[in-house]
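Visitor: One file is attached below, protein_6.pdb, containing PDB, C-alpha atoms, pLDDT in the B column.
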```pdb
ATOM      1  CA  MET A   1     -10.232  -2.983 -16.903  1.00 96.00           C
ATOM      2  CA  ASN A   2      -7.629  -3.984 -14.359  1.00 98.00           C
ATOM      3  CA  GLN A   3      -7.833  -3.996 -10.589  1.00 98.00           C
ATOM      4  CA  THR A   4      -4.890  -3.059  -8.425  1.00 98.00           C
ATOM      5  CA  TYR A   5      -4.496  -2.879  -4.675  1.00 98.00           C
ATOM      6  CA  LEU A   6      -2.397   0.056  -3.506  1.00 98.00           C
ATOM      7  CA  LEU A   7      -1.021   0.715  -0.031  1.00 97.00           C
ATOM      8  CA  ILE A   8      -0.695   4.391   0.838  1.00 97.00           C
ATOM      9  CA  GLY A   9       1.048   5.604   3.955  1.00 94.00           C
ATOM     10  CA  GLY A  10       3.110   8.323   5.539  1.00 93.00           C
ATOM     11  CA  ASN A  11       4.368   9.684   8.833  1.00 92.00           C
ATOM     12  CA  LEU A  12       5.352  13.308   8.159  1.00 90.00           C
ATOM     13  CA  GLY A  13       3.168  16.412   8.138  1.00 91.00           C
ATOM     14  CA  ASN A  14      -0.600  16.088   8.434  1.00 95.00           C
ATOM     15  CA  ARG A  15      -0.744  12.343   7.849  1.00 95.00           C
ATOM     16  CA  GLN A  16      -4.518  12.100   7.439  1.00 95.00           C
ATOM     17  CA  GLU A  17      -4.625  15.016   5.010  1.00 96.00           C
ATOM     18  CA  ASN A  18      -1.708  13.573   3.030  1.00 96.00           C
ATOM     19  CA  LEU A  19      -3.452  10.214   2.624  1.00 96.00           C
ATOM     20  CA  GLY A  20      -6.657  11.935   1.523  1.00 96.00           C
ATOM     21  CA  HIS A  21      -4.757  14.022  -1.013  1.00 96.00           C
ATOM     22  CA  ALA A  22      -2.916  10.937  -2.308  1.00 96.00           C
ATOM     23  CA  ALA A  23      -6.214   9.055  -2.739  1.00 97.00           C
ATOM     24  CA  LYS A  24      -7.635  11.969  -4.765  1.00 97.00           C
ATOM     25  CA  MET A  25      -4.525  12.066  -6.963  1.00 97.00           C
ATOM     26  CA  ILE A  26      -4.714   8.290  -7.462  1.00 98.00           C
ATOM     27  CA  ALA A  27      -8.343   8.674  -8.564  1.00 98.00           C
ATOM     28  CA  ALA A  28      -7.263  11.370 -11.042  1.00 97.00           C
ATOM     29  CA  LYS A  29      -4.120   9.683 -12.412  1.00 97.00           C
ATOM     30  CA  VAL A  30      -4.618   5.918 -11.958  1.00 98.00           C
ATOM     31  CA  GLY A  31      -8.324   5.102 -11.918  1.00 98.00           C
ATOM     32  CA  THR A  32     -11.525   4.746  -9.939  1.00 98.00           C
ATOM     33  CA  VAL A  33     -11.143   3.934  -6.256  1.00 98.00           C
ATOM     34  CA  LEU A  34     -13.601   1.066  -5.724  1.00 98.00           C
ATOM     35  CA  LEU A  35     -12.833   0.352  -2.064  1.00 97.00           C
ATOM     36  CA  ALA A  36     -10.863   2.103   0.659  1.00 98.00           C
ATOM     37  CA  SER A  37      -9.962   0.603   4.005  1.00 98.00           C
ATOM     38  CA  SER A  38     -10.094   2.480   7.262  1.00 97.00           C
ATOM     39  CA  LEU A  39      -6.969   4.397   8.215  1.00 97.00           C
ATOM     40  CA  TYR A  40      -4.598   2.387  10.398  1.00 97.00           C
ATOM     41  CA  GLU A  41      -1.966   3.810  12.720  1.00 95.00           C
ATOM     42  CA  THR A  42       1.197   1.759  12.785  1.00 89.00           C
ATOM     43  CA  GLU A  43       4.476   1.756  14.630  1.00 87.00           C
ATOM     44  CA  ALA A  44       7.372   2.435  12.287  1.00 82.00           C
ATOM     45  CA  TRP A  45       8.733  -0.670  10.569  1.00 74.00           C
ATOM     46  CA  GLY A  46      12.392  -1.081   9.586  1.00 73.00           C
ATOM     47  CA  VAL A  47      13.736   2.160  11.065  1.00 72.00           C
ATOM     48  CA  THR A  48      11.851   2.387  14.347  1.00 72.00           C
ATOM     49  CA  ASP A  49      13.026   5.729  15.795  1.00 75.00           C
ATOM     50  CA  GLN A  50      10.540   7.855  13.854  1.00 82.00           C
ATOM     51  CA  PRO A  51       6.878   8.911  14.142  1.00 87.00           C
ATOM     52  CA  SER A  52       4.061   6.379  13.680  1.00 90.00           C
ATOM     53  CA  PHE A  53       2.593   5.903  10.215  1.00 92.00           C
ATOM     54  CA  LEU A  54      -0.940   6.118   8.935  1.00 95.00           C
ATOM     55  CA  ASN A  55      -1.705   3.503   6.279  1.00 96.00           C
ATOM     56  CA  GLN A  56      -4.645   2.661   4.043  1.00 98.00           C
ATOM     57  CA  VAL A  57      -5.313   0.166   1.261  1.00 98.00           C
ATOM     58  CA  LEU A  58      -7.212   1.198  -1.868  1.00 98.00           C
ATOM     59  CA  LEU A  59      -8.698  -1.074  -4.518  1.00 98.00           C
ATOM     60  CA  VAL A  60      -8.458   0.807  -7.805  1.00 98.00           C
ATOM     61  CA  GLU A  61      -9.953  -0.013 -11.200  1.00 98.00           C
ATOM     62  CA  THR A  62      -7.586   1.139 -13.920  1.00 98.00           C
ATOM     63  CA  ALA A  63      -7.040   1.023 -17.659  1.00 98.00           C
ATOM     64  CA  LEU A  64      -3.283   1.338 -17.047  1.00 97.00           C
ATOM     65  CA  ASP A  65      -0.793  -1.518 -17.129  1.00 96.00           C
ATOM     66  CA  PRO A  66       1.451  -2.188 -14.080  1.00 97.00           C
ATOM     67  CA  LYS A  67       4.379  -0.083 -15.290  1.00 96.00           C
ATOM     68  CA  GLN A  68       2.056   2.832 -16.072  1.00 97.00           C
ATOM     69  CA  VAL A  69       0.587   2.533 -12.567  1.00 97.00           C
ATOM     70  CA  LEU A  70       4.119   2.585 -11.135  1.00 96.00           C
ATOM     71  CA  GLU A  71       4.978   5.703 -13.158  1.00 96.00           C
ATOM     72  CA  ALA A  72       1.783   7.406 -11.984  1.00 97.00           C
ATOM     73  CA  ILE A  73       2.303   6.636  -8.289  1.00 96.00           C
ATOM     74  CA  LEU A  74       5.957   7.696  -8.407  1.00 94.00           C
ATOM     75  CA  SER A  75       4.880  11.009  -9.951  1.00 94.00           C
ATOM     76  CA  ILE A  76       2.260  11.444  -7.199  1.00 96.00           C
ATOM     77  CA  GLU A  77       4.890  10.771  -4.516  1.00 92.00           C
ATOM     78  CA  LYS A  78       7.234  13.313  -6.108  1.00 91.00           C
ATOM     79  CA  GLU A  79       4.457  15.890  -6.490  1.00 91.00           C
ATOM     80  CA  MET A  80       3.593  15.440  -2.799  1.00 89.00           C
ATOM     81  CA  GLY A  81       7.192  16.079  -1.741  1.00 80.00           C
ATOM     82  CA  ARG A  82       8.518  12.560  -1.252  1.00 64.00           C
ATOM     83  CA  ARG A  83      12.291  12.519  -0.889  1.00 68.00           C
ATOM     84  CA  ARG A  84      14.034   9.137  -0.870  1.00 62.00           C
ATOM     85  CA  MET A  85      16.769   9.898   1.661  1.00 62.00           C
ATOM     86  CA  GLN A  86      16.812   6.759   3.845  1.00 57.00           C
ATOM     87  CA  LYS A  87      15.429   3.280   3.214  1.00 62.00           C
ATOM     88  CA  PHE A  88      12.406   2.758   5.508  1.00 58.00           C
ATOM     89  CA  GLY A  89      12.873   6.346   6.715  1.00 62.00           C
ATOM     90  CA  PRO A  90      10.255   9.012   7.396  1.00 76.00           C
ATOM     91  CA  ARG A  91       8.151  10.195   4.455  1.00 78.00           C
ATOM     92  CA  THR A  92       5.210  12.391   3.591  1.00 86.00           C
ATOM     93  CA  ILE A  93       3.736   9.707   1.340  1.00 93.00           C
ATOM     94  CA  ASP A  94       4.559   6.229   0.153  1.00 92.00           C
ATOM     95  CA  ILE A  95       2.468   4.349  -2.410  1.00 95.00           C
ATOM     96  CA  ASP A  96       3.067   0.674  -3.125  1.00 95.00           C
ATOM     97  CA  ILE A  97       1.459  -1.700  -5.597  1.00 98.00           C
ATOM     98  CA  LEU A  98       0.392  -4.751  -3.601  1.00 98.00           C
ATOM     99  CA  PHE A  99      -1.448  -6.701  -6.299  1.00 98.00           C
ATOM    100  CA  PHE A 100      -2.359  -6.154  -9.946  1.00 98.00           C
ATOM    101  CA  ASN A 101      -5.170  -8.525 -10.927  1.00 97.00           C
ATOM    102  CA  GLU A 102      -3.646 -11.963 -10.241  1.00 96.00           C
ATOM    103  CA  LEU A 103      -0.398 -11.039 -11.980  1.00 95.00           C
ATOM    104  CA  ILE A 104       2.953 -12.428 -10.871  1.00 96.00           C
ATOM    105  CA  MET A 105       5.765 -10.209 -12.148  1.00 94.00           C
ATOM    106  CA  HIS A 106       9.483 -10.043 -11.282  1.00 94.00           C
ATOM    107  CA  GLU A 107      11.415  -7.234 -12.935  1.00 92.00           C
ATOM    108  CA  ASP A 108      14.210  -4.986 -11.690  1.00 89.00           C
ATOM    109  CA  SER A 109      11.901  -1.998 -11.315  1.00 89.00           C
ATOM    110  CA  LEU A 110       8.744  -3.803 -10.166  1.00 94.00           C
ATOM    111  CA  THR A 111       7.747  -6.988  -8.360  1.00 95.00           C
ATOM    112  CA  ILE A 112       4.066  -7.955  -8.102  1.00 97.00           C
ATOM    113  CA  PRO A 113       2.703  -9.091  -5.716  1.00 97.00           C
ATOM    114  CA  HIS A 114       4.655  -6.852  -3.353  1.00 95.00           C
ATOM    115  CA  PRO A 115       7.367  -9.202  -2.045  1.00 93.00           C
ATOM    116  CA  GLN A 116       6.995  -8.226   1.642  1.00 91.00           C
ATOM    117  CA  LEU A 117       3.221  -7.790   2.008  1.00 93.00           C
ATOM    118  CA  HIS A 118       2.625 -11.187   3.642  1.00 93.00           C
ATOM    119  CA  LEU A 119       5.100 -10.298   6.418  1.00 93.00           C
ATOM    120  CA  ARG A 120       3.672  -6.904   7.380  1.00 93.00           C
ATOM    121  CA  ARG A 121       0.693  -6.357   9.672  1.00 94.00           C
ATOM    122  CA  PHE A 122       0.370  -2.722   8.502  1.00 93.00           C
ATOM    123  CA  THR A 123      -0.320  -4.043   4.997  1.00 95.00           C
ATOM    124  CA  LEU A 124      -2.415  -7.103   5.780  1.00 97.00           C
ATOM    125  CA  ALA A 125      -4.737  -5.475   8.358  1.00 97.00           C
ATOM    126  CA  PRO A 126      -6.249  -2.885   5.958  1.00 97.00           C
ATOM    127  CA  LEU A 127      -6.157  -5.387   3.082  1.00 97.00           C
ATOM    128  CA  ASN A 128      -8.005  -7.927   5.221  1.00 97.00           C
ATOM    129  CA  GLU A 129     -10.650  -5.323   6.047  1.00 97.00           C
ATOM    130  CA  ILE A 130     -11.648  -4.762   2.419  1.00 97.00           C
ATOM    131  CA  SER A 131     -10.723  -8.068   0.698  1.00 97.00           C
ATOM    132  CA  PRO A 132     -10.265 -10.941   3.165  1.00 98.00           C
ATOM    133  CA  GLN A 133     -11.032 -13.569   0.504  1.00 97.00           C
ATOM    134  CA  PHE A 134      -8.602 -12.257  -2.143  1.00 97.00           C
ATOM    135  CA  ILE A 135      -6.156 -15.054  -2.979  1.00 97.00           C
ATOM    136  CA  HIS A 136      -2.447 -14.231  -3.012  1.00 97.00           C
ATOM    137  CA  PRO A 137      -1.349 -15.612  -6.398  1.00 97.00           C
ATOM    138  CA  VAL A 138       2.067 -16.795  -5.172  1.00 96.00           C
ATOM    139  CA  PHE A 139       1.069 -18.424  -1.875  1.00 96.00           C
ATOM    140  CA  ASN A 140      -2.430 -19.474  -2.994  1.00 97.00           C
ATOM    141  CA  LYS A 141      -3.820 -18.340   0.374  1.00 97.00           C
ATOM    142  CA  SER A 142      -6.491 -15.785   1.162  1.00 97.00           C
ATOM    143  CA  ILE A 143      -5.609 -12.521   2.867  1.00 97.00           C
ATOM    144  CA  SER A 144      -7.454 -13.716   5.984  1.00 97.00           C
ATOM    145  CA  GLN A 145      -5.350 -16.912   6.015  1.00 97.00           C
ATOM    146  CA  LEU A 146      -2.159 -14.850   5.702  1.00 97.00           C
ATOM    147  CA  MET A 147      -3.363 -12.681   8.612  1.00 95.00           C
ATOM    148  CA  GLU A 148      -3.921 -15.774  10.770  1.00 95.00           C
ATOM    149  CA  GLN A 149      -0.359 -16.967  10.102  1.00 95.00           C
ATOM    150  CA  LEU A 150       1.273 -13.549  10.561  1.00 94.00           C
ATOM    151  CA  ALA A 151       4.104 -13.322  13.099  1.00 92.00           C
ATOM    152  CA  ASP A 152       4.671  -9.529  12.824  1.00 90.00           C
ATOM    153  CA  PRO A 153       4.541  -8.092  16.393  1.00 89.00           C
ATOM    154  CA  LEU A 154       4.031  -4.442  15.362  1.00 88.00           C
ATOM    155  CA  ILE A 155       0.997  -2.719  16.818  1.00 88.00           C
ATOM    156  CA  VAL A 156      -1.507  -1.738  14.119  1.00 93.00           C
ATOM    157  CA  LYS A 157      -4.805  -0.149  15.128  1.00 95.00           C
ATOM    158  CA  LYS A 158      -7.661   1.631  13.392  1.00 95.00           C
ATOM    159  CA  PHE A 159      -7.147   5.383  13.557  1.00 93.00           C
TER     160      PHE A 159
END
```
Let's see the structure in the file written out as structure tokens.
Guide:
Amino acid sequence: MNQTYLLIGGNLGNRQENLGHAAKMIAAKVGTVLLASSLYETEAWGVTDQPSFLNQVLLVETALDPKQVLEAILSIEKEMGRRRMQKFGPRTIDIDILFFNELIMHEDSLTIPHPQLHLRRFTLAPLNEISPQFIHPVFNKSISQLMEQLADPLIVKKF
């Protein structure tokens, strides 16, 4: 079995309900949710003139390979009404693969580990809550070490 860390988030509609629904769909389509962080409220990143996001990290055990996980999460996003209108724009749900085992993968459709995760407090804070000792396979640093070095000024707080 494989283990993948997924970041779920959104800032439209009932954010808390949307994250709960996404987690249930992930359990049904991807695999068993082993760990779930607290919910974190985050200022918008990238395009800042939009509502705050709720984010959560899930550790999921799966029999799927990375591309199958990507297909499954894209189908969940679509099923939940995600429309890709504006990069970094508002959304009902967003699901990203952060890590897949210790895999390093660079393809047009998928890069693992997520190439921006070490720069984003809204990703590292929930990840640090559930897996502070996980080693980033590219930087060879733990999540807690990446948190200590983080320069991201965005406010991220438990919801």
Visitor: Hey, could you make a per-residue contact list for segment 17-114 of chain A against segment 127-147 of chain A with 8 Å as the cut-off, showing the nearest pair of atoms and its distance in Å to one decimal, counting all atoms listed in the file, sorted by chain and number, as a Markdown table?
Guide:
```
| residue | atom | partner | partner_atom | distance |
| --- | --- | --- | --- | --- |
| A:Leu35 | CA | A:Ile130 | CA | 6.9 |
| A:Ala36 | CA | A:Ile130 | CA | 7.1 |
| A:Ser37 | CA | A:Ile130 | CA | 5.8 |
| A:Ser38 | CA | A:Glu129 | CA | 7.9 |
| A:Val57 | CA | A:Leu127 | CA | 5.9 |
| A:Glu102 | CA | A:Pro137 | CA | 5.8 |
| A:Leu103 | CA | A:Pro137 | CA | 7.3 |
| A:Ile104 | CA | A:Pro137 | CA | 7.0 |
| A:Pro113 | CA | A:Pro137 | CA | 7.7 |
```
Visitor: Name the closest residue to Val60 of chain A among the candidates A:Gln149, A:Thr111, A:Asn2, A:Thr42; distances are taken between atoms, counting all atoms listed in the file.
Guide: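 Of A:Gln149, A:Thr111, A:Asn2, A:Thr42, the one nearest Val60 of chain A, counting all atoms listed in the file, is A:Asn2.
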Visitor: Translate the PyMOL selection byres ((chain A and resi 40) around 10), as applied to the file shown, into an explicit residue set as a PyMOL selection string.
Guide: chain A and resi 9+37-39+41-42+53-57+122-123+125-126+155-159
Visitor: Measuring between all atoms listed in the file, which one of A:Gly13, A:Pro90, A:Gly81, A:Pro66 shows the shortest distance to Ile112 of chain A?
Guide: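 The answer is A:Pro66, which sits nearest to Ile112 of chain A.
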Visitor: Find the residue from A:Asp94, A:Asn11, A:Leu110, A:Leu124 that sits nearest to Val69 of chain A; use only C-alpha atoms when measuring.
Guide: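 Between A:Asp94, A:Asn11, A:Leu110, A:Leu124, the residue approaching Val69 of chain A most closely is A:Leu110.
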Visitor: Pick from A:Pro115, A:Gly20, A:Gly31, A:Gly46: nearest to Met80 of chain A, with only C-alpha atoms counted?
Guide: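 Closest candidate: A:Gly20.
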Visitor: Mind pulling up the distance from atom CA of Gln116 of chain A to atom CA of Ile26 of chain A?
Guide: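 For atom CA of Ile26 of chain A relative to atom CA of Gln116 of chain A, the distance reads 22.2 Å.
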Visitor: Considering only C-alpha atoms, can you say which of A:Ile95, A:Leu12, A:Leu19, A:Val33 comes closest to Ala72 of chain A?
Guide: A:Ile95
Visitor: Which residue out of A:Thr32, A:Leu119, A:Ser75, A:Leu64 has the minimum interatomic distance to Phe100 of chain A when only C-alpha atoms are used?
Guide: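 The shortest atom-to-atom distance to Phe100 of chain A comes from A:Leu64.
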Visitor: What separation in Å, quoted to one decimal, exists between atom CA of Asp152 of chain A and atom CA of Ile76 of chain A?
Guide: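 Rounded to one decimal, the two atoms are 29.1 Å apart.
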Visitor: How many Å separate atom CA of Leu70 of chain A from atom CA of Arg15 of chain A?
Guide: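 Atom CA of Arg15 of chain A lies 21.9 Å from atom CA of Leu70 of chain A.
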Visitor: Within 6 Å of (-6.4, -4.4, -5.2), in the coordinates the file gives, what residues turn up when you count only C-alpha atoms, written out as an mmCIF file with C-alpha atoms, in the coordinates of the input?
Guide:
```
data_model
loop_
_atom_site.group_PDB
_atom_site.id
_atom_site.type_symbol
_atom_site.label_atom_id
_atom_site.label_comp_id
_atom_site.auth_asym_id
_atom_site.auth_seq_id
_atom_site.Cartn_x
_atom_site.Cartn_y
_atom_site.Cartn_z
ATOM 1 C CA GLN A 3 -7.833 -3.996 -10.589
ATOM 2 C CA THR A 4 -4.890 -3.059 -8.425
ATOM 3 C CA TYR A 5 -4.496 -2.879 -4.675
ATOM 4 C CA LEU A 59 -8.698 -1.074 -4.518
ATOM 5 C CA PHE A 99 -1.448 -6.701 -6.299
#
```
